[in-house]
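Written below as structure tokens is the structure these notes are about.
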Amino acid sequence: MILSTFAHESIEDVKKEATEPLWHATYLLKDRGECKAIMQRAEAAGYEAIVIVIDTPVMGARDRERRSQPKTVLFQYHPIDYYRFPVTWSDVEWYRAQTKLPLVLKGVMDPDDAEQCLQLGASAIIVSNHGGRNLDTTPATIEMLPAVVERVAGRVPVLIDGGIRRGTDVLKALALGATAVGIGRPYLYGLAVEGADGVKGVVNILRNELEMAMASTGRPTIASINRSVLAPQGLRPTARTWAT
Ligand SMILES: Cc1cc2nc3c(=O)[nH]c(=O)nc-3n(C[C@H](O)[C@H](O)[C@H](O)COP(=O)(O)O)c2cc1C
């Protein structure tokens, strides 16, 4: 699980409850001392990677957020704050020097950016457009995945998030070369409906649907999933069963 800098629960409290590996998504704050302290806390608490979010150099025009949070900055009255989360490639170098943990760069949508991430020492990258929430009309992450996977060419794992809603979406992402997928809103929906059990339910649905889709496409293992599972408009069913 990846814990955001803006999570309501503390780095340490989440670690106490966690039964699976944790990564911390650290935002570059204006106060670098504060940012460094956050990374040190994550490292001390046993988090296994620092995720740097590179797709939000400025806050986008988030209409829904503005409607639901009356205190959100209104752009008709305020200039854009370019210095709130100022991430540039040299800032990534700064992060690299602050922690021994592996760096995962999140928000890559371009093969050239992926290459730059690797040059700067990324241990993995996440193809993500922040759930399409920061730049209106941004392409779907699944459309950008193949070009990024091709450029990375197996040097580091390539993860993807954005629009993963069913097990079939997971299967398609794996077929296009993703190592793993992430979810944002689905777990929040589960949380809203049924608390922790709801989150568990969402993960179980995705896992079971993935297994169903793997069975229907004749793929007994994750390693056996490749592009041949894809049909022009979706997935290619097969009569082959795992037992034969
Ligand atoms: C309410 C909300 C808050 C989010 N906050 C963060 C955040 O603090 N840091 C971050 O890296 N991504 C944040 N994201 C983006 C998610 O990490 C993720 O990239 C995205 O939600 C994936 O798309 P999906 O919601 O379609 O699964 C947020 C998304 C939502 C919906």
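Identifiers for the structure tokens are assigned positionally: chains receive A, B, ... in sequence, residues are indexed from 1 per chain, and ligands are indexed from 1 in the order shown.
Neighbours of A:Glu143 closer than or equal to 10 Å, with only C-alpha atoms counted and sequence neighbours fewer than 6 positions away skipped, come out as Met109, Ala173 and Leu176 of chain A.
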Show me which residues sit within 8 Å of ligand 1 when counting only C-alpha atoms and all ligand atoms, and put them as a list of chain:residue names.
-> A:Ser4, A:Thr5, A:Phe6, A:Ala7, A:Ala25, A:Tyr27, A:Val51, A:Ile52, A:Val53, A:Lys106, A:Gly107, A:Ser128, A:Asn129, A:His130, A:Gly131, A:Gly132, A:Arg133, A:Asp161, A:Gly162, A:Gly163, A:Ile164, A:Arg165, A:Gly182, A:Ile183, A:Gly184, A:Arg185, A:Pro186, A:Leu188
Just the helix (DSSP H, G or I) stuff from stretch 34-223 of chain A, please, per backbone DSSP, written as a PyMOL selection string.
-> chain A and resi 34-45+63-68+89-98+111-119+130-132+141-152+167-175+185-216+222-223
Atomic separation - atom CA of A:Val170 relative to atom CA of A:Pro57, Å | 28.3 Å
Extract, using only C-alpha atoms, all DNA, RNA and protein residues at most 9 Å from A:Tyr187, discarding same-chain residues fewer than 4 positions from it, and format them as a VMD selection string.
-> chain A and resid 183 191 to 192 198 to 203
Report the closest atom pair, with its distance in Å rounded to one decimal, for each residue of stretch 100-185 of chain A that has an atom no farther than 9 Å from stretch 35-48 of chain A; count only C-alpha atoms, sort by chain and then rising residue number, and write it as a tab-separated table.
residue	atom	partner	partner_atom	distance
A:Lys100	CA	A:Glu43	CA	8.4
A:Leu101	CA	A:Glu48	CA	6.4
A:Pro102	CA	A:Glu48	CA	7.3
Taking N, CA, C and O atoms for each residue, export the selection above as a PDB file, in the first residue's frame.
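Okay, out12.pdb is ready:
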ATOM      1  N   LYS A 100      17.933   6.318   1.586  1.00  0.00           N
ATOM      2  CA  LYS A 100      18.556   5.093   1.065  1.00  0.00           C
ATOM      3  C   LYS A 100      17.496   4.200   0.444  1.00  0.00           C
ATOM      4  O   LYS A 100      17.801   3.220  -0.221  1.00  0.00           O
ATOM      5  N   LEU A 101      16.227   4.528   0.699  1.00  0.00           N
ATOM      6  CA  LEU A 101      15.153   3.669   0.186  1.00  0.00           C
ATOM      7  C   LEU A 101      15.064   3.778  -1.334  1.00  0.00           C
ATOM      8  O   LEU A 101      15.410   4.807  -1.914  1.00  0.00           O
ATOM      9  N   PRO A 102      14.546   2.731  -1.982  1.00  0.00           N
ATOM     10  CA  PRO A 102      14.330   2.826  -3.430  1.00  0.00           C
ATOM     11  C   PRO A 102      13.333   3.946  -3.749  1.00  0.00           C
ATOM     12  O   PRO A 102      12.396   4.166  -2.975  1.00  0.00           O
TER      13      PRO A 102
END
Take atom CA of A:Ile160 and atom CA of A:Leu174 and report the distance between them in Å, one decimal.
->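 Result for atom CA of A:Ile160 versus atom CA of A:Leu174: 9.4 Å, one decimal.
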